[in-house]
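Coordinates as given in entry.cif (mmCIF, C-alpha atoms):
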data_my_file
loop_
_atom_site.label_atom_id
_atom_site.label_comp_id
_atom_site.auth_asym_id
_atom_site.auth_seq_id
_atom_site.Cartn_x
_atom_site.Cartn_y
_atom_site.Cartn_z
CA MET A 1406 0.00 0.00 0.00
CA ALA A 1407 2.89 2.36 0.78
CA THR A 1408 4.26 1.89 -2.75
CA PHE A 1409 0.83 2.37 -4.31
CA PHE A 1410 0.30 5.64 -2.46
CA LEU A 1411 3.75 6.81 -3.46
CA VAL A 1412 2.94 6.29 -7.15
CA LEU A 1413 -0.35 8.12 -6.64
CA ILE A 1414 1.42 11.05 -4.96
CA TYR A 1415 3.99 11.22 -7.77
CA LEU A 1416 1.16 11.40 -10.33
CA ALA A 1417 -0.51 14.12 -8.27
CA PHE A 1418 2.70 16.16 -8.28
CA ILE A 1419 3.06 15.86 -12.05
CA SER A 1420 -0.47 17.21 -12.36
CA LEU A 1421 0.39 19.91 -9.80
CA GLY A 1422 3.26 21.13 -11.98
CA LEU A 1423 1.28 21.09 -15.24
CA PRO A 1424 -0.71 24.34 -14.75
CA ASP A 1425 2.21 26.23 -13.15
CA SER A 1426 3.87 26.90 -16.52
CA LEU A 1427 0.74 27.21 -18.69
CA LEU A 1428 0.11 30.92 -18.17
CA GLY A 1429 3.60 31.99 -19.18
CA ALA A 1430 3.64 29.72 -22.24
CA ALA A 1431 0.21 30.80 -23.51
CA TRP A 1432 0.17 34.47 -22.49
CA PRO A 1433 1.50 35.93 -25.80
CA VAL A 1434 -1.58 34.62 -27.63
CA MET A 1435 -3.93 34.96 -24.66
CA GLN A 1436 -3.04 38.65 -24.44
CA LYS A 1437 -4.01 39.25 -28.09
CA ASP A 1438 -7.18 37.18 -27.88
CA LEU A 1439 -8.37 38.90 -24.69
CA LYS A 1440 -7.02 42.34 -25.70
CA ALA A 1441 -5.29 42.57 -22.33
CA PRO A 1442 -2.26 44.69 -21.37
CA MET A 1443 1.05 42.83 -21.16
CA GLU A 1444 1.44 43.36 -17.39
CA MET A 1445 -1.89 41.65 -16.66
CA ALA A 1446 -0.12 38.27 -16.66
CA GLY A 1447 1.70 39.40 -13.54
CA PHE A 1448 -1.56 40.26 -11.78
CA LEU A 1449 -3.06 36.89 -12.73
CA PHE A 1450 0.04 35.15 -11.41
CA MET A 1451 -0.18 37.10 -8.15
CA SER A 1452 -3.86 36.14 -7.79
CA ILE A 1453 -2.97 32.48 -8.15
CA ALA A 1454 -0.11 32.93 -5.68
CA ALA A 1455 -2.39 34.69 -3.19
CA GLY A 1456 -4.80 31.75 -3.19
CA THR A 1457 -1.87 29.37 -2.77
CA ILE A 1458 -0.49 31.31 0.19
CA VAL A 1459 -3.87 31.40 1.94
CA SER A 1460 -4.48 27.65 1.51
CA SER A 1461 -0.91 26.87 2.63
CA LEU A 1462 -1.36 28.89 5.83
CA ALA A 1463 -4.65 27.13 6.57
CA SER A 1464 -3.44 23.66 5.55
CA GLY A 1465 -2.32 22.59 9.03
CA THR A 1466 -5.78 23.04 10.54
CA VAL A 1467 -7.57 21.66 7.47
CA LEU A 1468 -5.38 18.54 7.28
CA LYS A 1469 -5.84 17.75 10.96
CA ARG A 1470 -9.61 18.04 10.63
CA PHE A 1471 -10.28 16.32 7.30
CA GLY A 1472 -7.19 14.20 6.54
CA THR A 1473 -4.82 14.17 3.56
CA GLY A 1474 -7.02 12.03 1.30
CA LYS A 1475 -10.13 14.22 1.49
CA VAL A 1476 -8.16 17.47 1.22
CA THR A 1477 -6.28 16.18 -1.83
CA LEU A 1478 -9.47 15.04 -3.56
CA VAL A 1479 -11.39 18.29 -2.97
CA SER A 1480 -8.38 20.41 -3.92
CA CYS A 1481 -7.85 18.53 -7.18
CA ILE A 1482 -11.54 19.06 -8.00
CA MET A 1483 -10.99 22.79 -7.44
CA THR A 1484 -7.93 22.98 -9.70
CA ALA A 1485 -9.50 20.85 -12.45
CA THR A 1486 -12.68 22.95 -12.39
CA ALA A 1487 -10.71 26.20 -12.46
CA LEU A 1488 -8.65 25.03 -15.45
CA LEU A 1489 -11.81 23.93 -17.27
CA GLY A 1490 -13.35 27.32 -16.55
CA MET A 1491 -10.27 29.07 -17.95
CA ALA A 1492 -10.70 27.12 -21.18
CA PHE A 1493 -14.14 28.70 -21.62
CA ALA A 1494 -13.55 32.06 -19.87
CA PRO A 1495 -15.27 34.78 -21.97
CA SER A 1496 -13.21 37.63 -20.54
CA LEU A 1497 -10.17 38.59 -18.52
CA LEU A 1498 -12.36 39.14 -15.47
CA TRP A 1499 -13.34 35.46 -15.45
CA LEU A 1500 -9.69 34.41 -15.68
CA TRP A 1501 -9.00 36.58 -12.65
CA ILE A 1502 -11.90 35.00 -10.72
CA LEU A 1503 -10.83 31.46 -11.66
CA ALA A 1504 -7.23 32.16 -10.62
CA ILE A 1505 -8.36 32.16 -6.98
CA PRO A 1506 -9.66 28.54 -6.77
CA LEU A 1507 -6.72 27.42 -8.91
CA GLY A 1508 -4.33 28.83 -6.31
CA LEU A 1509 -6.35 27.62 -3.33
CA GLY A 1510 -6.52 24.07 -4.67
CA GLY A 1511 -2.89 23.93 -5.73
CA GLY A 1512 -1.60 25.18 -2.37
CA ALA A 1513 -3.67 22.67 -0.40
CA VAL A 1514 -2.50 19.73 -2.54
CA ASP A 1515 1.11 20.92 -2.33
CA ALA A 1516 1.11 21.32 1.46
CA GLY A 1517 -0.90 18.15 2.13
CA LEU A 1518 1.21 15.80 0.03
CA ASN A 1519 4.49 17.36 1.16
CA HIS A 1520 3.48 16.76 4.77
CA TYR A 1521 2.39 13.19 3.98
CA VAL A 1522 5.74 12.33 2.39
CA ALA A 1523 7.77 14.16 5.06
CA ALA A 1524 6.00 12.28 7.85
CA HIS A 1525 5.75 8.79 6.35
CA TYR A 1526 8.47 8.25 3.72
CA LYS A 1527 12.23 8.48 3.55
CA ALA A 1528 14.19 11.50 2.36
CA HIS A 1529 14.87 10.26 -1.18
CA HIS A 1530 11.14 10.13 -1.88
CA MET A 1531 10.82 13.84 -1.09
CA SER A 1532 13.53 14.71 -3.61
CA TRP A 1533 11.94 12.53 -6.28
CA LEU A 1534 8.53 14.03 -5.46
CA HIS A 1535 9.76 17.50 -6.40
CA CYS A 1536 11.55 16.05 -9.41
CA PHE A 1537 8.13 14.91 -10.65
CA TRP A 1538 6.80 18.43 -10.12
CA GLY A 1539 9.55 19.54 -12.50
CA VAL A 1540 8.39 16.94 -15.01
CA GLY A 1541 4.87 18.41 -14.87
CA ALA A 1542 6.18 21.98 -15.19
CA MET A 1543 8.15 21.00 -18.30
CA LEU A 1544 5.22 19.10 -19.84
CA GLY A 1545 2.81 22.04 -19.50
CA PRO A 1546 4.36 24.17 -22.28
CA LEU A 1547 4.83 21.06 -24.45
CA ILE A 1548 1.10 20.31 -24.20
CA MET A 1549 0.21 23.95 -24.89
CA ALA A 1550 2.64 24.42 -27.81
CA PRO A 1551 0.49 22.83 -30.57
CA TYR A 1552 -2.52 24.92 -29.50
CA ILE A 1553 -1.03 28.42 -29.60
CA SER A 1554 -0.52 28.71 -33.35
CA GLU A 1555 -3.77 30.72 -33.47
CA GLU A 1556 -5.15 33.16 -30.93
CA THR A 1557 -8.21 31.13 -29.90
CA LEU A 1558 -6.57 27.70 -29.66
CA TRP A 1559 -4.95 28.38 -26.30
CA ARG A 1560 -8.29 27.42 -24.77
CA GLN A 1561 -7.90 23.90 -26.11
CA GLY A 1562 -4.55 23.63 -24.35
CA TYR A 1563 -6.18 24.56 -21.05
CA PHE A 1564 -8.99 22.09 -21.82
CA ILE A 1565 -6.51 19.22 -22.34
CA VAL A 1566 -4.73 19.96 -19.04
CA ALA A 1567 -8.12 20.21 -17.28
CA CYS A 1568 -9.02 16.75 -18.64
CA ILE A 1569 -5.76 15.36 -17.26
CA GLN A 1570 -6.62 16.87 -13.89
CA PHE A 1571 -10.09 15.31 -13.95
CA VAL A 1572 -8.53 11.90 -14.67
CA LEU A 1573 -6.56 12.33 -11.43
CA VAL A 1574 -9.79 13.33 -9.65
CA VAL A 1575 -11.41 10.06 -10.78
CA ILE A 1576 -8.40 8.06 -9.58
CA LEU A 1577 -8.44 9.82 -6.20
CA PHE A 1578 -12.18 9.27 -5.85
CA LEU A 1579 -11.91 5.53 -6.60
CA THR A 1580 -9.00 5.11 -4.17
CA PHE A 1581 -10.42 7.33 -1.43
CA PRO A 1582 -11.41 4.41 0.88
CA LEU A 1583 -7.77 3.30 0.83
CA TRP A 1584 -6.68 6.64 2.29
CA GLU A 1585 -8.89 5.98 5.32
CA ARG A 1586 -7.45 2.49 5.72
CA ALA A 1587 -3.91 3.81 5.34
CA ALA A 1588 -4.56 6.43 8.03
CA ALA A 1589 -5.49 3.67 10.49
CA ASN A 1590 -2.41 1.66 9.58
CA ARG A 1591 -0.11 4.68 9.93
CA ALA A 1592 -1.36 5.27 13.44
CA GLN A 1593 0.05 1.87 14.40
CA ALA A 1594 3.16 1.77 12.21
CA PRO A 1595 4.42 5.16 10.99
CA LEU A 1596 6.69 4.98 7.96
CA ILE A 1597 9.18 7.68 8.85
CA GLU A 1598 12.68 6.25 9.18
CA ALA A 1599 13.79 7.88 12.45
CA PRO A 1600 12.42 9.08 15.78
CA LEU A 1601 11.07 12.60 15.78
CA ILE A 1602 12.09 15.53 17.91
CA GLU A 1603 9.33 16.60 20.24
CA THR A 1604 8.79 20.27 21.01
CA GLU A 1605 9.44 20.40 24.75
CA GLY A 1606 6.16 18.70 25.60
CA VAL A 1607 4.02 21.53 24.24
CA HIS A 1608 2.46 21.38 20.79
CA THR A 1609 1.23 24.54 19.15
CA SER A 1610 -0.32 25.01 15.74
CA HIS A 1611 1.26 28.44 15.25
CA PRO A 1612 4.74 28.15 13.71
CA LEU A 1613 5.78 31.62 14.83
CA GLN A 1614 5.60 30.35 18.43
CA ILE A 1615 7.75 27.29 17.77
CA LYS A 1616 11.41 27.48 18.67
CA GLY A 1617 13.35 28.14 15.46
CA GLY A 1618 10.20 28.49 13.39
CA ARG A 1619 10.94 32.02 12.19
CA LEU A 1620 14.43 31.02 11.06
CA ALA A 1621 12.99 28.17 8.99
CA LEU A 1622 10.39 30.46 7.44
CA ALA A 1623 13.05 32.99 6.48
CA SER A 1624 15.10 30.23 4.83
CA PHE A 1625 12.13 29.12 2.73
CA LEU A 1626 11.31 32.69 1.68
CA LEU A 1627 14.87 33.35 0.52
CA TYR A 1628 15.19 29.97 -1.21
CA SER A 1629 12.13 30.49 -3.39
CA GLY A 1630 13.13 34.09 -3.99
CA VAL A 1631 16.51 32.98 -5.33
CA GLU A 1632 14.99 30.24 -7.51
CA ALA A 1633 12.38 32.60 -8.98
CA MET A 1634 14.75 35.54 -9.49
CA ILE A 1635 17.13 33.41 -11.55
CA GLY A 1636 14.24 32.04 -13.61
CA LEU A 1637 12.70 35.46 -14.27
CA TRP A 1638 15.71 37.76 -14.61
CA GLY A 1639 18.57 35.42 -15.53
CA SER A 1640 17.90 35.70 -19.27
CA SER A 1641 17.86 39.51 -19.15
CA PHE A 1642 21.19 39.53 -17.31
CA VAL A 1643 22.72 37.16 -19.85
CA VAL A 1644 21.52 39.28 -22.78
CA TYR A 1645 22.32 42.77 -21.48
CA VAL A 1646 25.44 42.13 -19.39
CA LYS A 1647 27.05 39.07 -20.96
CA GLU A 1648 25.95 40.23 -24.45
CA VAL A 1649 24.65 36.82 -25.49
CA PRO A 1650 21.83 36.52 -28.12
CA ALA A 1651 18.35 36.16 -26.64
CA ALA A 1652 17.78 32.68 -28.11
CA VAL A 1653 21.00 31.43 -26.56
CA ALA A 1654 20.13 33.11 -23.24
CA ALA A 1655 16.81 31.26 -23.17
CA GLN A 1656 18.68 27.98 -23.64
CA TRP A 1657 20.88 28.77 -20.64
CA ILE A 1658 17.80 29.37 -18.49
CA SER A 1659 16.37 26.03 -19.64
CA PHE A 1660 19.69 24.46 -18.62
CA TYR A 1661 19.23 26.06 -15.20
CA TYR A 1662 15.81 24.40 -14.75
CA ALA A 1663 17.22 21.15 -16.08
CA GLY A 1664 19.91 21.41 -13.39
CA ILE A 1665 17.23 21.63 -10.70
CA THR A 1666 15.23 18.69 -12.08
CA VAL A 1667 18.22 16.41 -12.68
CA GLY A 1668 19.75 17.48 -9.38
CA ARG A 1669 16.65 16.42 -7.47
CA PHE A 1670 16.62 13.06 -9.22
CA ILE A 1671 20.26 12.49 -8.22
CA THR A 1672 19.59 13.79 -4.70
CA GLY A 1673 17.07 10.98 -4.21
CA PHE A 1674 19.92 8.46 -4.44
CA VAL A 1675 22.39 10.56 -2.46
CA THR A 1676 20.03 10.71 0.54
CA PHE A 1677 20.70 7.01 1.13
CA THR A 1678 24.17 7.92 2.39
CA ILE A 1679 24.07 11.66 3.25
CA LYS A 1680 21.70 13.27 5.76
CA ASN A 1681 19.30 16.07 4.88
CA GLN A 1682 21.16 18.66 6.94
CA SER A 1683 24.43 17.99 5.11
CA LEU A 1684 22.73 18.08 1.72
CA ILE A 1685 21.05 21.41 2.52
CA ARG A 1686 24.37 22.94 3.56
CA LEU A 1687 26.21 21.50 0.53
CA GLY A 1688 23.50 22.71 -1.85
CA GLN A 1689 23.61 26.24 -0.44
CA TRP A 1690 27.38 26.46 -0.86
CA ILE A 1691 27.17 25.11 -4.41
CA ALA A 1692 24.45 27.65 -5.26
CA LEU A 1693 26.61 30.43 -3.83
CA PHE A 1694 29.57 29.26 -5.92
CA GLY A 1695 27.46 29.14 -9.08
CA ALA A 1696 26.10 32.66 -8.50
CA SER A 1697 29.62 33.93 -7.80
CA LEU A 1698 30.79 32.74 -11.22
CA LEU A 1699 28.34 35.20 -12.78
CA ILE A 1700 30.13 38.07 -11.05
CA LEU A 1701 33.66 37.20 -12.16
CA PRO A 1702 35.01 38.59 -15.47
CA LEU A 1703 35.25 35.18 -17.12
CA PRO A 1704 34.48 34.08 -20.70
CA PRO A 1705 30.68 33.84 -21.18
CA PHE A 1706 30.53 30.05 -21.48
CA VAL A 1707 32.46 29.70 -18.21
CA SER A 1708 30.53 32.26 -16.18
CA LEU A 1709 27.16 31.13 -17.57
CA ALA A 1710 27.92 27.61 -16.40
CA GLY A 1711 27.24 29.20 -13.03
CA LEU A 1712 23.52 29.04 -13.88
CA ILE A 1713 23.68 25.27 -14.19
CA ILE A 1714 25.79 24.99 -11.05
CA ALA A 1715 23.34 27.20 -9.18
CA GLY A 1716 20.45 24.98 -10.34
CA LEU A 1717 22.27 21.86 -9.17
CA GLY A 1718 22.96 23.53 -5.83
CA LEU A 1719 19.35 24.61 -5.34
CA ALA A 1720 18.04 21.14 -6.21
CA PRO A 1721 18.32 19.42 -2.80
CA ILE A 1722 17.53 22.42 -0.60
CA TYR A 1723 13.75 22.70 -0.82
CA PRO A 1724 12.81 18.99 -0.61
CA CYS A 1725 15.37 18.30 2.12
CA MET A 1726 14.20 21.25 4.23
CA LEU A 1727 10.60 20.05 3.90
CA HIS A 1728 11.55 16.50 4.85
CA GLU A 1729 13.40 17.72 7.92
CA THR A 1730 10.31 19.49 9.28
CA PRO A 1731 8.94 16.62 11.46
CA ARG A 1732 12.41 16.03 12.89
CA ARG A 1733 13.03 19.71 13.51
CA PHE A 1734 9.70 20.72 15.01
CA GLY A 1735 7.86 17.55 16.07
CA ARG A 1736 5.19 15.39 14.47
CA GLU A 1737 2.25 17.35 15.90
CA ASN A 1738 3.59 20.67 14.64
CA ALA A 1739 4.63 19.38 11.20
CA PRO A 1740 1.33 19.94 9.28
CA SER A 1741 1.05 23.60 10.29
CA MET A 1742 4.78 24.19 9.98
CA ILE A 1743 4.95 22.77 6.47
CA GLY A 1744 1.94 24.87 5.46
CA TYR A 1745 3.57 28.05 6.77
CA GLN A 1746 6.92 27.17 5.21
CA MET A 1747 5.28 26.75 1.83
CA ALA A 1748 3.29 29.97 2.28
CA PHE A 1749 6.54 31.85 2.93
CA ALA A 1750 8.14 30.09 -0.04
CA TYR A 1751 5.32 31.29 -2.30
CA THR A 1752 5.65 34.76 -0.79
CA GLY A 1753 9.34 34.79 -1.68
CA SER A 1754 8.76 33.67 -5.27
CA THR A 1755 5.94 36.22 -5.65
CA CYS A 1756 7.53 39.28 -4.04
CA LEU A 1757 11.32 39.10 -4.39
CA PRO A 1758 11.51 39.00 -8.23
CA PRO A 1759 9.34 42.15 -8.64
CA LEU A 1760 11.34 43.82 -5.87
CA PHE A 1761 14.56 43.05 -7.71
CA GLY A 1762 13.01 44.29 -10.95
CA PHE A 1763 12.26 47.62 -9.31
CA LEU A 1764 15.82 47.90 -7.94
CA ALA A 1765 17.31 46.94 -11.31
CA SER A 1766 15.19 49.57 -13.07
CA GLN A 1767 16.59 52.18 -10.69
CA THR A 1768 20.19 50.98 -11.06
CA SER A 1769 21.22 48.27 -13.55
CA ILE A 1770 20.50 44.63 -14.35
CA ALA A 1771 24.19 44.09 -13.59
CA ILE A 1772 23.31 43.86 -9.89
CA PHE A 1773 21.57 40.53 -10.61
CA PRO A 1774 24.36 38.16 -9.47
CA TRP A 1775 24.98 40.27 -6.37
CA ALA A 1776 21.30 40.00 -5.43
CA ILE A 1777 21.46 36.23 -5.87
CA VAL A 1778 24.64 35.93 -3.82
CA LEU A 1779 23.29 38.08 -0.98
CA SER A 1780 19.96 36.21 -0.88
CA ALA A 1781 21.67 32.81 -0.97
CA ALA A 1782 24.08 33.92 1.77
CA GLY A 1783 21.12 35.06 3.88
CA MET A 1784 19.48 31.66 3.40
CA LEU A 1785 22.69 29.93 4.48
CA PHE A 1786 22.95 32.20 7.55
CA PHE A 1787 19.38 31.51 8.73
CA THR A 1788 19.75 27.76 8.12
CA GLU A 1789 22.98 27.50 10.07
CA LYS A 1790 21.52 29.54 12.91
CA LEU A 1791 18.55 27.15 13.00
CA ASN A 1792 20.89 24.14 13.03
CA ALA A 1793 22.78 25.60 15.98
CA LEU A 1794 19.53 26.29 17.81
CA LEU A 1795 18.29 22.73 17.36
CA LYS A 1796 21.66 21.06 17.93
CA GLY A 1797 20.84 20.34 21.57
CA LYS A 1798 17.60 18.62 20.60
CA HIS A 1799 19.35 16.42 18.06
CA ALA A 1800 21.97 15.44 20.64
CA LEU A 1801 19.23 14.53 23.13
CA LEU A 1802 17.39 12.52 20.47
CA GLU A 1803 20.51 10.52 19.59
CA LYS A 1804 21.20 9.85 23.27
CA ASN A 1805 17.65 8.61 23.83
CA SER A 1806 17.72 6.42 20.72
CA ARG A 1807 20.99 4.76 21.84
CA SER A 1808 19.46 3.99 25.23
CA LEU A 1809 16.45 2.21 23.68
#
Translate the structure of the given file into structure tokens.
Amino acid sequence: MATFFLVLIYLAFISLGLPDSLLGAAWPVMQKDLKAPMEMAGFLFMSIAAGTIVSSLASGTVLKRFGTGKVTLVSCIMTATALLGMAFAPSLLWLWILAIPLGLGGGAVDAGLNHYVAAHYKAHHMSWLHCFWGVGAMLGPLIMAPYISEETLWRQGYFIVACIQFVLVVILFLTFPLWERAAANRAQAPLIEAPLIETEGVHTSHPLQIKGGRLALASFLLYSGVEAMIGLWGSSFVVYVKEVPAAVAAQWISFYYAGITVGRFITGFVTFTIKNQSLIRLGQWIALFGASLLILPLPPFVSLAGLIIAGLGLAPIYPCMLHETPRRFGRENAPSMIGYQMAFAYTGSTCLPPLFGFLASQTSIAIFPWAIVLSAAGMLFFTEKLNALLKGKHALLEKNSRSL
């Protein structure tokens, strides 16, 4: 049953990644068809992100009350319905309205399944889980590509992705009784591979009151900010500072995303021998090194390799930090903590790239690598401070486990 659920969760994460890249791929023709201003894509994206942040913040309470299976099913119904509505949306206003349930459903699925894997599976499964999200994010534009040759065909692309989402809904509905049975089995035999740190005998659903919680939230915000800033502004930096043609710059950004996806696949195997904490630290240093290459006056092909190196460095950080949550903050606090961590991650990816864009417009796009280096260094600082804060708990846990 554990293997079956893992396959189901992987499929759910592919479907979770599918709509994330649709808007950007289809917007050039959507804009013309809807007669919308270019910047409206940003407002639609922020509406989706707002729904995601709200559902992530509420996920701890919702998961405890209704369970992962029911939350996943209802959330997938919301995302599938929203995508279907977008395929038939008569105006920009309807797209804006439908962006809200799309974000709410996506955030709930993301938080719920991340908590499920963090609590009941080993670390390599978390890395592969986010690798499958990357597969979905790459498939979205490929599905949309044949349907954007004419202005009105983008709707068919959304319709196809909505149908894929509804197939997942049917699968979840048919397997729903198994989630209830699995919940009973997990109560007797949890799947997580190691004892969990308890939070000093007091469990609270508010992460800001948990020891070290704010440091973890800051790390997630900066991580997603770095990942999104490279994805959004990396091509502009390559074109205007490194003086590389736009088509070639786009290829380098695709290599960056490939580095993240491949890196997470490899990380799944590495976690068999290296602990999450070590992988997080190693990934942060590698990302810092990659970003530093962009600053140095090196030949373009050497310095731009820093994008790939940065992607490889970022790869293990997010899934490993999520998987560490039950060990860092206790099993009872994990659902709420994961929800808040993901909400801060979405906040970082939503707010930091526009903030950098404003700063770059006032100065120069040449500050791009410096912004990445400073943000990555801040993430490393908060993570190491959290590790030092929780070091005593880990030592106590190891002592107790040796005495058993």
(request) With the file shown as input, list the residues that the PyMOL selection byres ((chain A and resi 1570) around 9) selects, as a VMD selection string. (result) chain A and resid 1417 1420 to 1421 1481 to 1482 1484 to 1486 1488 1565 to 1569 1571 to 1575
(request) May I ask for the distance between CA of Leu1779 (chain A) and CA of Phe1625 (chain A), given in Å to one decimal place? (result)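 Distance reported for this atom pair: 14.8 Å.
Atom to atom, CA of Met1634 (chain A) and CA of Ala1750 (chain A) stand 12.8 Å apart.
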(request) Kindly indicate which residue among A:Leu1439, A:Ile1743, A:Leu1794, A:Val1434 lies nearest to Leu1558 (chain A), using only C-alpha atoms for the distances. (result)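 Closest residue, counting only C-alpha atoms: A:Val1434.
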(request) State, in Å with one decimal place, the distance from CA of Met1726 (chain A) to CA of Phe1450 (chain A). (result) 25.3 Å
(message) Just checking: using only C-alpha atoms, which residue out of A:Trp1775, A:Phe1763, A:Tyr1415, A:Phe1493 ends up closest to His1530 (chain A)?
(response)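 Checking each candidate against His1530 (chain A), we get A:Tyr1415 as the closest.
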(request) Please provide the set of residues having any atom within 9 Å of Ala1654 (chain A), restricted to all atoms listed in the file, with same-chain residues fewer than 4 positions apart removed, written as a list in words. (result) Gly1639, Ser1640, Ser1641, Phe1642, Val1643, Val1644, Val1649, Pro1650, Ile1658 and Ser1659 of chain A
(request) Find the residues around Phe1773 (chain A) up to 12 Å (all atoms listed in the file counted), leave out those fewer than 6 positions away in its own chain, and share them as a PyMOL selection string. (result) chain A and resi 1631+1634-1643+1645-1647+1696-1697+1699-1700+1758+1760-1766+1779-1780
Selection export as a CSV table (one decimal), in the frame of the given file, atoms kept: C-alpha atoms:
chain,number,residue,atom,x,y,z
A,1631,VAL,CA,16.5,33.0,-5.3
A,1634,MET,CA,14.8,35.5,-9.5
A,1635,ILE,CA,17.1,33.4,-11.6
A,1636,GLY,CA,14.2,32.0,-13.6
A,1637,LEU,CA,12.7,35.5,-14.3
A,1638,TRP,CA,15.7,37.8,-14.6
A,1639,GLY,CA,18.6,35.4,-15.5
A,1640,SER,CA,17.9,35.7,-19.3
A,1641,SER,CA,17.9,39.5,-19.2
A,1642,PHE,CA,21.2,39.5,-17.3
A,1643,VAL,CA,22.7,37.2,-19.8
A,1645,TYR,CA,22.3,42.8,-21.5
A,1646,VAL,CA,25.4,42.1,-19.4
A,1647,LYS,CA,27.0,39.1,-21.0
A,1696,ALA,CA,26.1,32.7,-8.5
A,1697,SER,CA,29.6,33.9,-7.8
A,1699,LEU,CA,28.3,35.2,-12.8
A,1700,ILE,CA,30.1,38.1,-11.0
A,1758,PRO,CA,11.5,39.0,-8.2
A,1760,LEU,CA,11.3,43.8,-5.9
A,1761,PHE,CA,14.6,43.0,-7.7
A,1762,GLY,CA,13.0,44.3,-11.0
A,1763,PHE,CA,12.3,47.6,-9.3
A,1764,LEU,CA,15.8,47.9,-7.9
A,1765,ALA,CA,17.3,46.9,-11.3
A,1766,SER,CA,15.2,49.6,-13.1
A,1779,LEU,CA,23.3,38.1,-1.0
A,1780,SER,CA,20.0,36.2,-0.9
(request) Go through A:Leu1416, A:Ala1504, A:Ile1714, A:Ala1748 and flag the residue nearest Leu1449 (chain A), using all atoms listed in the file for the distances. (result) A:Ala1504
(request) Name the closest residue to Leu1583 (chain A) among the candidates A:Tyr1552, A:Phe1537, A:Phe1410, A:Phe1564; distances are taken between atoms, counting only C-alpha atoms. (result)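 Distance minimum relative to Leu1583 (chain A) lands on A:Phe1410.
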(request) Skip Gly1508 (chain A) itself and residues of its chain fewer than 4 positions away, then list as a PyMOL selection string all residues within 8 Å of it, counting only C-alpha atoms. (result) chain A and resi 1452-1458+1460+1484+1504+1512
(request) Could you tell me which of A:Ala1516, A:Leu1544, A:Ala1446, A:Met1483 comes closest to Leu1503 (chain A) if we count only C-alpha atoms? (result)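 Nearest candidate to Leu1503 (chain A) out of A:Ala1516, A:Leu1544, A:Ala1446, A:Met1483: A:Met1483.
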(request) Using all atoms listed in the file, find all polymer residues with an atom at most 12 Å away from the point (28.2, 28.6, -20.2); report them as a PyMOL selection string. (result) chain A and resi 1643+1647+1649+1653-1654+1656-1658+1660-1661+1695+1698-1699+1703-1714
(request) Quick one: residues within 12 Å of (5.7, 27.7, 13.2) (file frame), counting all atoms listed in the file, please, as a ChimeraX atom specification. (result) /A:1462,1465,1604,1608-1623,1730-1731,1733-1735,1737-1749
(message) For a quick check of understanding, using all atoms listed in the file, which of A:Gly1511, A:Pro1433, A:Pro1424, A:Gly1630 has the smallest distance to Ile1548 (chain A)?
(response)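 For Ile1548 (chain A), the nearest of the candidates is A:Pro1424.
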(message) For Trp1432 (chain A), find every residue with an atom within 10 Å (counting only C-alpha atoms), except residues of its own chain fewer than 3 positions away, and show them as a list of chain:residue names.
(response)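 Surrounding residues, per the criterion: A:Leu1427, A:Leu1428, A:Gly1429, A:Met1435, A:Gln1436, A:Lys1437, A:Asp1438, A:Leu1439, A:Ala1441, A:Met1443, A:Met1445, A:Ala1446, A:Ile1553, A:Trp1559.
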(request) For Ala1720 (chain A), please output as a PyMOL selection string all residues within 10 Å (counting all atoms listed in the file; exclusion window: fewer than 5 positions along the same chain). (result) chain A and resi 1532+1535-1536+1632+1662-1672+1684-1685+1688-1689+1692+1714-1715+1725
(message) Translate the PyMOL selection byres ((chain A and resi 1528) around 10) into a concrete residue list for this structure, as a list in words.
(response)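 Written out, the selection comes to Val1522, Ala1523, Ala1524, His1525, Tyr1526, Lys1527, His1529, His1530, Met1531, Ser1532, Trp1533, Leu1534, Ile1597, Glu1598, Thr1672, Gly1673, Phe1674, Val1675, Thr1676, Phe1677, Ile1679, Lys1680, Asn1681, Pro1724, Cys1725, Met1726, Leu1727, His1728 and Glu1729 of chain A.
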